[in-house]
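Undergrad: Structure file upload-v5.cif (mmCIF, N, CA and C atoms) right here:
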data_query
#
loop_
_atom_site.label_atom_id
_atom_site.label_comp_id
_atom_site.auth_asym_id
_atom_site.auth_seq_id
_atom_site.Cartn_x
_atom_site.Cartn_y
_atom_site.Cartn_z
N MET I 1 0.82 -1.20 0.00
CA MET I 1 0.00 0.00 0.00
C MET I 1 0.87 1.26 0.00
N LYS I 2 1.98 1.23 0.79
CA LYS I 2 2.87 2.38 0.85
C LYS I 2 3.47 2.66 -0.53
N GLN I 3 3.76 1.61 -1.28
CA GLN I 3 4.33 1.80 -2.61
C GLN I 3 3.33 2.47 -3.54
N LEU I 4 2.08 2.10 -3.41
CA LEU I 4 1.03 2.71 -4.22
C LEU I 4 0.89 4.19 -3.89
N VAL I 5 0.95 4.54 -2.61
CA VAL I 5 0.86 5.94 -2.19
C VAL I 5 2.07 6.72 -2.71
N LYS I 6 3.28 6.12 -2.64
CA LYS I 6 4.49 6.78 -3.15
C LYS I 6 4.37 7.00 -4.66
N LEU I 7 3.91 5.98 -5.38
CA LEU I 7 3.74 6.09 -6.82
C LEU I 7 2.75 7.19 -7.18
N PHE I 8 1.62 7.22 -6.47
CA PHE I 8 0.62 8.26 -6.69
C PHE I 8 1.21 9.65 -6.42
N SER I 9 1.99 9.78 -5.35
CA SER I 9 2.60 11.06 -4.99
C SER I 9 3.57 11.52 -6.06
N ILE I 10 4.37 10.60 -6.60
CA ILE I 10 5.33 10.95 -7.65
C ILE I 10 4.60 11.39 -8.91
N VAL I 11 3.56 10.65 -9.30
CA VAL I 11 2.79 11.01 -10.48
C VAL I 11 2.11 12.37 -10.29
N PHE I 12 1.54 12.59 -9.11
CA PHE I 12 0.89 13.87 -8.83
C PHE I 12 1.89 15.02 -8.91
N CYS I 13 3.07 14.87 -8.33
CA CYS I 13 4.09 15.93 -8.37
C CYS I 13 4.56 16.18 -9.80
N ALA I 14 4.74 15.13 -10.57
CA ALA I 14 5.16 15.29 -11.96
C ALA I 14 4.12 16.05 -12.76
N MET I 15 2.85 15.72 -12.54
CA MET I 15 1.77 16.43 -13.25
C MET I 15 1.71 17.89 -12.83
N ALA I 16 1.90 18.16 -11.55
CA ALA I 16 1.87 19.54 -11.06
C ALA I 16 3.02 20.35 -11.65
N LEU I 17 4.21 19.77 -11.71
CA LEU I 17 5.35 20.47 -12.30
C LEU I 17 5.14 20.73 -13.78
N TYR I 18 4.56 19.76 -14.49
CA TYR I 18 4.28 19.94 -15.91
C TYR I 18 3.27 21.06 -16.12
N ALA I 19 2.25 21.12 -15.30
CA ALA I 19 1.21 22.15 -15.43
C ALA I 19 1.77 23.53 -15.11
N CYS I 20 2.76 23.63 -14.26
CA CYS I 20 3.35 24.92 -13.90
C CYS I 20 4.46 25.34 -14.84
N GLY I 21 4.75 24.55 -15.83
CA GLY I 21 5.83 24.85 -16.77
C GLY I 21 5.49 26.06 -17.61
N SER I 22 6.37 26.38 -18.52
CA SER I 22 6.22 27.55 -19.38
C SER I 22 4.96 27.43 -20.22
N ASP I 23 4.23 28.53 -20.31
CA ASP I 23 3.02 28.57 -21.13
C ASP I 23 3.33 29.00 -22.56
N ASP I 24 4.57 29.38 -22.83
CA ASP I 24 4.93 29.82 -24.17
C ASP I 24 4.84 28.66 -25.14
N GLU I 25 4.15 28.90 -26.23
CA GLU I 25 4.03 27.88 -27.25
C GLU I 25 5.22 28.00 -28.19
N PRO I 26 5.82 26.87 -28.59
CA PRO I 26 6.94 26.96 -29.51
C PRO I 26 6.48 27.56 -30.84
N GLY I 27 7.30 28.41 -31.41
CA GLY I 27 6.96 29.02 -32.68
C GLY I 27 6.00 30.18 -32.58
N LYS I 28 5.65 30.58 -31.39
CA LYS I 28 4.74 31.70 -31.19
C LYS I 28 5.56 32.99 -31.28
N SER I 29 5.07 33.94 -32.05
CA SER I 29 5.79 35.20 -32.24
C SER I 29 5.62 36.12 -31.03
N ALA I 30 6.47 37.14 -30.94
CA ALA I 30 6.35 38.13 -29.86
C ALA I 30 5.01 38.85 -29.96
N LEU I 31 4.54 39.11 -31.18
CA LEU I 31 3.23 39.75 -31.37
C LEU I 31 2.14 38.92 -30.72
N GLN I 32 2.16 37.62 -30.97
CA GLN I 32 1.14 36.73 -30.43
C GLN I 32 1.31 36.50 -28.93
N ASP I 33 2.55 36.46 -28.46
CA ASP I 33 2.81 36.21 -27.04
C ASP I 33 2.53 37.44 -26.18
N GLN I 34 2.83 38.63 -26.68
CA GLN I 34 2.73 39.83 -25.87
C GLN I 34 1.48 40.67 -26.13
N PHE I 35 0.85 40.53 -27.30
CA PHE I 35 -0.26 41.41 -27.65
C PHE I 35 -1.54 40.68 -28.07
N ILE I 36 -1.58 40.20 -29.31
CA ILE I 36 -2.82 39.65 -29.87
C ILE I 36 -2.57 38.35 -30.62
N ASP I 37 -3.64 37.62 -30.81
CA ASP I 37 -3.62 36.44 -31.68
C ASP I 37 -5.02 36.28 -32.26
N VAL I 38 -5.11 35.59 -33.37
CA VAL I 38 -6.39 35.28 -33.99
C VAL I 38 -6.32 33.82 -34.41
N ASP I 39 -7.31 33.02 -34.00
CA ASP I 39 -7.35 31.62 -34.41
C ASP I 39 -7.32 31.51 -35.92
N ASN I 40 -6.63 30.49 -36.41
CA ASN I 40 -6.54 30.20 -37.84
C ASN I 40 -5.92 31.34 -38.64
N SER I 41 -5.07 32.13 -38.01
CA SER I 41 -4.37 33.18 -38.74
C SER I 41 -2.97 32.69 -39.09
N GLU I 42 -2.33 33.41 -39.99
CA GLU I 42 -0.98 33.07 -40.41
C GLU I 42 -0.06 34.23 -40.04
N TYR I 43 0.95 33.98 -39.20
CA TYR I 43 1.87 35.02 -38.78
C TYR I 43 2.92 35.24 -39.87
N THR I 44 3.21 36.51 -40.16
CA THR I 44 4.25 36.89 -41.11
C THR I 44 5.12 37.95 -40.47
N GLU I 45 6.43 37.75 -40.54
CA GLU I 45 7.39 38.72 -40.00
C GLU I 45 7.49 39.91 -40.94
N GLY I 46 7.77 41.09 -40.39
CA GLY I 46 7.95 42.30 -41.19
C GLY I 46 6.80 43.27 -41.02
N SER I 47 6.81 44.30 -41.86
CA SER I 47 5.78 45.34 -41.82
C SER I 47 4.53 44.90 -42.56
N ILE I 48 3.40 45.39 -42.11
CA ILE I 48 2.14 45.10 -42.80
C ILE I 48 2.19 45.75 -44.18
N PRO I 49 1.94 44.97 -45.25
CA PRO I 49 1.93 45.57 -46.58
C PRO I 49 0.75 46.52 -46.75
N VAL I 50 0.93 47.47 -47.63
CA VAL I 50 -0.16 48.41 -47.93
C VAL I 50 -1.22 47.63 -48.69
N GLY I 51 -2.46 47.73 -48.25
CA GLY I 51 -3.55 46.97 -48.84
C GLY I 51 -4.27 47.73 -49.92
N ASN I 52 -5.31 47.10 -50.43
CA ASN I 52 -6.19 47.77 -51.37
C ASN I 52 -6.93 48.86 -50.62
N THR I 53 -7.60 49.69 -51.32
CA THR I 53 -8.33 50.77 -50.67
C THR I 53 -9.83 50.61 -50.89
N PRO I 54 -10.42 49.53 -50.36
CA PRO I 54 -11.86 49.42 -50.50
C PRO I 54 -12.54 50.52 -49.69
N MET I 55 -13.74 50.77 -49.99
CA MET I 55 -14.47 51.82 -49.29
C MET I 55 -14.90 51.31 -47.93
N LEU I 56 -14.11 51.63 -46.91
CA LEU I 56 -14.42 51.22 -45.56
C LEU I 56 -15.52 52.11 -45.02
N GLN I 57 -16.59 51.50 -44.56
CA GLN I 57 -17.70 52.25 -44.02
C GLN I 57 -17.49 52.50 -42.53
N ALA I 58 -16.98 51.47 -41.80
CA ALA I 58 -16.73 51.62 -40.36
C ALA I 58 -15.89 50.46 -39.87
N ALA I 59 -15.18 50.68 -38.76
CA ALA I 59 -14.42 49.62 -38.08
C ALA I 59 -14.53 49.88 -36.59
N THR I 60 -14.80 48.84 -35.81
CA THR I 60 -14.90 48.99 -34.36
C THR I 60 -14.10 47.88 -33.68
N PHE I 61 -13.55 48.22 -32.51
CA PHE I 61 -12.80 47.27 -31.70
C PHE I 61 -13.06 47.63 -30.24
N ASP I 62 -13.44 46.64 -29.44
CA ASP I 62 -13.75 46.88 -28.03
C ASP I 62 -12.46 47.12 -27.25
N LYS I 63 -12.21 48.37 -26.90
CA LYS I 63 -10.98 48.73 -26.20
C LYS I 63 -11.03 48.37 -24.72
N ALA I 64 -12.15 47.96 -24.21
CA ALA I 64 -12.30 47.68 -22.78
C ALA I 64 -11.96 46.23 -22.43
N ALA I 65 -11.59 45.41 -23.40
CA ALA I 65 -11.29 44.01 -23.12
C ALA I 65 -10.06 43.90 -22.22
N LEU I 66 -10.04 42.89 -21.39
CA LEU I 66 -8.96 42.69 -20.42
C LEU I 66 -7.92 41.72 -20.95
N PRO I 67 -6.68 41.78 -20.44
CA PRO I 67 -5.65 40.80 -20.82
C PRO I 67 -6.16 39.38 -20.61
N GLY I 68 -5.91 38.52 -21.59
CA GLY I 68 -6.39 37.15 -21.52
C GLY I 68 -7.80 37.00 -22.05
N GLY I 69 -8.45 38.11 -22.38
CA GLY I 69 -9.82 38.09 -22.88
C GLY I 69 -9.87 38.15 -24.40
N THR I 70 -11.05 38.42 -24.91
CA THR I 70 -11.25 38.52 -26.35
C THR I 70 -11.98 39.82 -26.67
N SER I 71 -11.83 40.22 -27.91
CA SER I 71 -12.54 41.39 -28.41
C SER I 71 -12.86 41.16 -29.87
N TYR I 72 -13.92 41.77 -30.32
CA TYR I 72 -14.31 41.65 -31.72
C TYR I 72 -13.84 42.86 -32.51
N LEU I 73 -13.19 42.59 -33.65
CA LEU I 73 -12.90 43.62 -34.63
C LEU I 73 -13.98 43.48 -35.68
N THR I 74 -14.82 44.49 -35.79
CA THR I 74 -15.93 44.46 -36.76
C THR I 74 -15.62 45.43 -37.87
N LEU I 75 -15.68 44.95 -39.10
CA LEU I 75 -15.35 45.73 -40.29
C LEU I 75 -16.58 45.82 -41.18
N ASN I 76 -16.94 47.02 -41.57
CA ASN I 76 -18.03 47.24 -42.52
C ASN I 76 -17.43 47.86 -43.77
N SER I 77 -17.67 47.24 -44.90
CA SER I 77 -17.08 47.70 -46.15
C SER I 77 -18.15 47.76 -47.24
N TYR I 78 -17.92 48.66 -48.20
CA TYR I 78 -18.80 48.74 -49.36
C TYR I 78 -18.41 47.73 -50.43
N GLU I 79 -17.27 47.03 -50.22
CA GLU I 79 -16.80 46.01 -51.15
C GLU I 79 -16.57 44.72 -50.39
N GLU I 80 -16.64 43.58 -51.10
CA GLU I 80 -16.32 42.30 -50.48
C GLU I 80 -14.82 42.21 -50.27
N LEU I 81 -14.41 41.65 -49.13
CA LEU I 81 -13.00 41.52 -48.78
C LEU I 81 -12.62 40.05 -48.67
N ASP I 82 -11.37 39.74 -49.02
CA ASP I 82 -10.89 38.36 -48.90
C ASP I 82 -10.18 38.11 -47.58
N TYR I 83 -9.30 39.03 -47.18
CA TYR I 83 -8.62 38.87 -45.92
C TYR I 83 -8.17 40.21 -45.37
N VAL I 84 -7.79 40.19 -44.08
CA VAL I 84 -7.31 41.39 -43.41
C VAL I 84 -6.01 41.03 -42.71
N ASN I 85 -5.05 41.93 -42.76
CA ASN I 85 -3.81 41.80 -42.01
C ASN I 85 -3.95 42.64 -40.75
N ILE I 86 -3.65 42.05 -39.59
CA ILE I 86 -3.82 42.73 -38.31
C ILE I 86 -2.48 42.74 -37.58
N GLY I 87 -2.11 43.89 -37.06
CA GLY I 87 -0.87 44.01 -36.30
C GLY I 87 -1.01 45.03 -35.19
N VAL I 88 0.12 45.32 -34.55
CA VAL I 88 0.17 46.30 -33.48
C VAL I 88 1.20 47.35 -33.89
N GLU I 89 0.79 48.61 -33.78
CA GLU I 89 1.68 49.71 -34.16
C GLU I 89 2.99 49.63 -33.38
N GLY I 90 4.10 49.72 -34.11
CA GLY I 90 5.42 49.68 -33.49
C GLY I 90 5.98 48.28 -33.28
N GLU I 91 5.19 47.24 -33.57
CA GLU I 91 5.64 45.86 -33.41
C GLU I 91 5.88 45.24 -34.78
N SER I 92 6.92 44.44 -34.89
CA SER I 92 7.22 43.75 -36.13
C SER I 92 6.28 42.55 -36.29
N GLY I 93 5.86 42.31 -37.51
CA GLY I 93 5.03 41.17 -37.82
C GLY I 93 3.55 41.50 -37.80
N TYR I 94 2.78 40.62 -38.44
CA TYR I 94 1.33 40.79 -38.50
C TYR I 94 0.66 39.44 -38.71
N LEU I 95 -0.62 39.41 -38.50
CA LEU I 95 -1.42 38.20 -38.67
C LEU I 95 -2.29 38.36 -39.92
N LYS I 96 -2.20 37.40 -40.82
CA LYS I 96 -3.04 37.39 -42.02
C LYS I 96 -4.25 36.53 -41.69
N VAL I 97 -5.45 37.15 -41.78
CA VAL I 97 -6.69 36.47 -41.40
C VAL I 97 -7.60 36.38 -42.61
N LYS I 98 -7.93 35.16 -43.00
CA LYS I 98 -8.90 34.93 -44.09
C LYS I 98 -10.27 35.27 -43.55
N LEU I 99 -10.99 36.10 -44.26
CA LEU I 99 -12.32 36.53 -43.81
C LEU I 99 -13.39 35.56 -44.30
N ASP I 100 -14.31 35.25 -43.42
CA ASP I 100 -15.43 34.37 -43.76
C ASP I 100 -16.43 35.13 -44.62
N THR I 101 -17.43 34.42 -45.07
CA THR I 101 -18.50 35.03 -45.84
C THR I 101 -19.13 36.14 -45.02
N PRO I 102 -19.26 37.31 -45.61
CA PRO I 102 -19.79 38.44 -44.83
C PRO I 102 -21.30 38.36 -44.63
N VAL I 103 -21.73 39.10 -43.63
CA VAL I 103 -23.15 39.37 -43.47
C VAL I 103 -23.41 40.60 -44.31
N THR I 104 -24.46 40.61 -45.10
CA THR I 104 -24.74 41.78 -45.93
C THR I 104 -25.99 42.48 -45.43
N ALA I 105 -25.96 43.78 -45.61
CA ALA I 105 -27.11 44.60 -45.23
C ALA I 105 -27.32 45.62 -46.33
N GLN I 106 -28.51 46.11 -46.43
CA GLN I 106 -28.80 47.14 -47.41
C GLN I 106 -28.18 48.45 -46.96
N GLY I 107 -27.41 49.06 -47.85
CA GLY I 107 -26.83 50.37 -47.57
C GLY I 107 -27.76 51.46 -48.05
N ARG I 108 -27.61 52.64 -47.52
CA ARG I 108 -28.49 53.73 -47.94
C ARG I 108 -27.83 54.65 -48.96
N ALA I 109 -26.52 54.81 -48.87
CA ALA I 109 -25.87 55.79 -49.74
C ALA I 109 -24.72 55.17 -50.52
N THR I 110 -24.85 53.92 -50.91
CA THR I 110 -23.77 53.27 -51.65
C THR I 110 -24.20 53.03 -53.08
N THR I 111 -23.19 52.85 -53.93
CA THR I 111 -23.49 52.62 -55.33
C THR I 111 -24.08 51.23 -55.57
N ASN I 112 -23.66 50.25 -54.75
CA ASN I 112 -24.19 48.91 -54.97
C ASN I 112 -25.24 48.52 -53.92
N ASP I 113 -25.59 49.47 -53.08
CA ASP I 113 -26.65 49.28 -52.08
C ASP I 113 -26.40 48.14 -51.10
N LYS I 114 -25.13 47.75 -50.86
CA LYS I 114 -24.82 46.71 -49.89
C LYS I 114 -23.68 47.15 -48.99
N ILE I 115 -23.76 46.73 -47.75
CA ILE I 115 -22.66 46.89 -46.81
C ILE I 115 -22.29 45.49 -46.35
N TYR I 116 -21.00 45.14 -46.46
CA TYR I 116 -20.51 43.83 -46.07
C TYR I 116 -19.89 43.94 -44.68
N THR I 117 -20.35 43.11 -43.75
CA THR I 117 -19.87 43.14 -42.38
C THR I 117 -19.09 41.87 -42.07
N TYR I 118 -17.87 42.06 -41.56
CA TYR I 118 -16.99 40.96 -41.17
C TYR I 118 -16.67 41.11 -39.69
N THR I 119 -16.63 39.98 -38.98
CA THR I 119 -16.30 40.00 -37.56
C THR I 119 -15.11 39.07 -37.32
N VAL I 120 -14.06 39.61 -36.69
CA VAL I 120 -12.85 38.84 -36.38
C VAL I 120 -12.71 38.81 -34.85
N LEU I 121 -12.60 37.61 -34.28
CA LEU I 121 -12.41 37.46 -32.84
C LEU I 121 -10.91 37.57 -32.55
N VAL I 122 -10.52 38.62 -31.83
CA VAL I 122 -9.12 38.88 -31.50
C VAL I 122 -8.90 38.44 -30.05
N LEU I 123 -7.89 37.60 -29.85
CA LEU I 123 -7.53 37.11 -28.52
C LEU I 123 -6.44 38.02 -27.95
N LEU I 124 -6.67 38.59 -26.79
CA LEU I 124 -5.67 39.44 -26.15
C LEU I 124 -4.78 38.57 -25.26
N SER I 125 -3.48 38.84 -25.31
CA SER I 125 -2.52 38.06 -24.56
C SER I 125 -2.70 38.23 -23.06
N GLN I 126 -2.47 37.16 -22.32
CA GLN I 126 -2.47 37.25 -20.86
C GLN I 126 -1.26 38.06 -20.39
N ASN I 127 -0.24 38.17 -21.25
CA ASN I 127 0.98 38.90 -20.92
C ASN I 127 0.88 40.39 -21.23
N LEU I 128 -0.28 40.84 -21.68
CA LEU I 128 -0.47 42.24 -22.05
C LEU I 128 -0.27 43.14 -20.83
N THR I 129 0.66 44.11 -20.96
CA THR I 129 0.97 44.97 -19.82
C THR I 129 0.72 46.44 -20.10
N SER I 130 0.41 46.80 -21.34
CA SER I 130 0.18 48.21 -21.65
C SER I 130 -0.83 48.32 -22.79
N SER I 131 -1.30 49.54 -23.00
CA SER I 131 -2.22 49.76 -24.12
C SER I 131 -1.45 49.68 -25.43
N PHE I 132 -2.16 49.49 -26.52
CA PHE I 132 -1.53 49.40 -27.84
C PHE I 132 -2.50 49.91 -28.89
N THR I 133 -1.95 50.19 -30.07
CA THR I 133 -2.77 50.63 -31.19
C THR I 133 -2.85 49.49 -32.20
N LEU I 134 -4.05 49.03 -32.48
CA LEU I 134 -4.29 47.97 -33.45
C LEU I 134 -4.27 48.58 -34.85
N VAL I 135 -3.55 47.95 -35.77
CA VAL I 135 -3.53 48.41 -37.17
C VAL I 135 -4.00 47.26 -38.05
N PHE I 136 -4.66 47.60 -39.15
CA PHE I 136 -5.12 46.57 -40.06
C PHE I 136 -5.19 47.11 -41.48
N ARG I 137 -5.02 46.19 -42.44
CA ARG I 137 -5.10 46.51 -43.86
C ARG I 137 -5.96 45.44 -44.52
N PHE I 138 -6.80 45.85 -45.48
CA PHE I 138 -7.71 44.93 -46.18
C PHE I 138 -7.13 44.54 -47.52
N PHE I 139 -7.58 43.38 -47.98
CA PHE I 139 -7.23 42.93 -49.32
C PHE I 139 -8.44 42.26 -49.95
N ASN I 140 -8.69 42.59 -51.20
CA ASN I 140 -9.70 41.87 -51.95
C ASN I 140 -9.06 41.45 -53.26
N ILE I 141 -9.32 40.25 -53.68
CA ILE I 141 -8.70 39.70 -54.88
C ILE I 141 -9.77 39.55 -55.93
N LYS I 142 -9.63 40.27 -57.01
CA LYS I 142 -10.59 40.19 -58.12
C LYS I 142 -10.08 39.17 -59.12
N LEU I 143 -10.88 38.16 -59.40
CA LEU I 143 -10.50 37.13 -60.38
C LEU I 143 -11.27 37.29 -61.65
#
Would you kindly transcribe this structure into structure tokens?
TA:
Amino acid sequence: MKQLVKLFSIVFCAMALYACGSDDEPGKSALQDQFIDVDNSEYTEGSIPVGNTPMLQAATFDKAALPGGTSYLTLNSYEELDYVNIGVEGESGYLKVKLDTPVTAQGRATTNDKIYTYTVLVLLSQNLTSSFTLVFRFFNIKL
């Protein structure tokens, strides 16, 4: 019985040490570790490229979200978009996010009478220690 208790104690301690280990994921960029991440995004090192200039109607981001929480980046455009690059001002690298099928609404003052709405769930890092400026660029690919 004592051996079983010792074995259980060793296994429990090993599991506790493993759980307390580093939370850093291998291959995770400083942008993703210190500021933001987006599920199913592709990280690229360097500056955000200049995007197309679709007619942006509005963009909103919940600035009240807490570290470790989430916030929605909502984009309203007069044109359909394929993806958005998201980064943090002053930080190297950006996240390329493929945009899902938009929700469309009737516009009042547009040439095509539609507004395309995209919602991106942005994950804020638990390591976030200061405020930051979110930057983004749109891309649409005409085939």
Undergrad: What's the separation between atom C of I:Val135 and atom C of I:Ala65, in Å to one decimal place?
TA: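 Between these atoms lies a distance of 17.3 Å.
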Undergrad: Evaluate the PyMOL selection byres (((chain I and resi 74 and name CA) around 9) and name CA) here and jot the selected residues down as a PyMOL selection string.
TA: chain I and resi 58-61+72-73+75-76+117-121
Undergrad: Check the smallest atom-to-atom distance from each of I:Asp62, I:Ile48, I:Gly69, I:Lys98 to I:Tyr83 using only N, CA and C atoms, then report the winner.
TA: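 When distances to I:Tyr83 are compared using only N, CA and C atoms, the smallest one comes from I:Lys98.
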Undergrad: List the neighbours of I:Val97 out to 12 Å using only C-alpha atoms; skip same-chain residues closer than 4 positions along the sequence, and give me the result as a PyMOL selection string.
TA: chain I and resi 37-44+73+81-87+118-122+136-139
Undergrad: What does the distance from atom N of I:Thr104 to atom C of I:Tyr116 come to in Å, to one decimal?
TA: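 Between atom N of I:Thr104 and atom C of I:Tyr116 the gap is 5.7 Å.
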Undergrad: Nearest to I:Ser71: which of I:Ile36, I:Phe132, I:Asn140, I:Thr101 is it, counting only C-alpha atoms?
TA: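 Result for the nearest residue to I:Ser71: I:Ile36.
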Undergrad: Within 6.5 Å of I:Ser92, counting all atoms listed in the file, which residues qualify if same-chain residues fewer than 5 places away don't, as a list in words?
TA: Leu31, Thr44, Glu45, Gly46 and Ser47 of chain I
Undergrad: What does the distance from atom C of I:Glu80 to atom CA of I:Val103 come to in Å, to one decimal?
TA: 11.1 Å
Undergrad: If the PyMOL selection byres (((chain I and resi 68 and name CA) around 9) and name CA) were run on this exact file, what residues would it hold? Put them as a PyMOL selection string.
TA: chain I and resi 65-67+69-70+123-128
Undergrad: Kindly write stretch 119-136 of chain I with N, CA, C and O atoms to a file, as a compact mmCIF listing (two decimals), in the first residue's frame.
TA:
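Final output, out_21.txt:
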# COMPACT_ATOMS: atom_id res chain seq x y z
N THR I 119 -16.63 39.98 -38.98
CA THR I 119 -16.30 40.00 -37.56
C THR I 119 -15.11 39.07 -37.32
O THR I 119 -15.16 37.90 -37.71
N VAL I 120 -14.06 39.61 -36.69
CA VAL I 120 -12.85 38.84 -36.38
C VAL I 120 -12.71 38.81 -34.85
O VAL I 120 -12.68 39.86 -34.21
N LEU I 121 -12.60 37.61 -34.28
CA LEU I 121 -12.41 37.46 -32.84
C LEU I 121 -10.91 37.57 -32.55
O LEU I 121 -10.12 36.74 -32.98
N VAL I 122 -10.52 38.62 -31.83
CA VAL I 122 -9.12 38.88 -31.50
C VAL I 122 -8.90 38.44 -30.05
O VAL I 122 -9.62 38.87 -29.15
N LEU I 123 -7.89 37.60 -29.85
CA LEU I 123 -7.53 37.11 -28.52
C LEU I 123 -6.44 38.02 -27.95
O LEU I 123 -5.40 38.20 -28.58
N LEU I 124 -6.67 38.59 -26.79
CA LEU I 124 -5.67 39.44 -26.15
C LEU I 124 -4.78 38.57 -25.26
O LEU I 124 -5.26 37.70 -24.55
N SER I 125 -3.48 38.84 -25.31
CA SER I 125 -2.52 38.06 -24.56
C SER I 125 -2.70 38.23 -23.06
O SER I 125 -3.00 39.33 -22.58
N GLN I 126 -2.47 37.16 -22.32
CA GLN I 126 -2.47 37.25 -20.86
C GLN I 126 -1.26 38.06 -20.39
O GLN I 126 -1.23 38.56 -19.28
N ASN I 127 -0.24 38.17 -21.25
CA ASN I 127 0.98 38.90 -20.92
C ASN I 127 0.88 40.39 -21.23
O ASN I 127 1.86 41.12 -21.09
N LEU I 128 -0.28 40.84 -21.68
CA LEU I 128 -0.47 42.24 -22.05
C LEU I 128 -0.27 43.14 -20.83
O LEU I 128 -0.92 42.96 -19.81
N THR I 129 0.66 44.11 -20.96
CA THR I 129 0.97 44.97 -19.82
C THR I 129 0.72 46.44 -20.10
O THR I 129 0.82 47.26 -19.19
N SER I 130 0.41 46.80 -21.34
CA SER I 130 0.18 48.21 -21.65
C SER I 130 -0.83 48.32 -22.79
O SER I 130 -1.14 47.34 -23.45
N SER I 131 -1.30 49.54 -23.00
CA SER I 131 -2.22 49.76 -24.12
C SER I 131 -1.45 49.68 -25.43
O SER I 131 -0.22 49.80 -25.45
N PHE I 132 -2.16 49.49 -26.52
CA PHE I 132 -1.53 49.40 -27.84
C PHE I 132 -2.50 49.91 -28.89
O PHE I 132 -3.68 50.04 -28.64
N THR I 133 -1.95 50.19 -30.07
CA THR I 133 -2.77 50.63 -31.19
C THR I 133 -2.85 49.49 -32.20
O THR I 133 -1.82 49.03 -32.71
N LEU I 134 -4.05 49.03 -32.48
CA LEU I 134 -4.29 47.97 -33.45
C LEU I 134 -4.27 48.58 -34.85
O LEU I 134 -4.88 49.62 -35.08
N VAL I 135 -3.55 47.95 -35.77
CA VAL I 135 -3.53 48.41 -37.17
C VAL I 135 -4.00 47.26 -38.05
O VAL I 135 -3.79 46.10 -37.73
N PHE I 136 -4.66 47.60 -39.15
CA PHE I 136 -5.12 46.57 -40.06
C PHE I 136 -5.19 47.11 -41.48
O PHE I 136 -5.35 48.31 -41.70
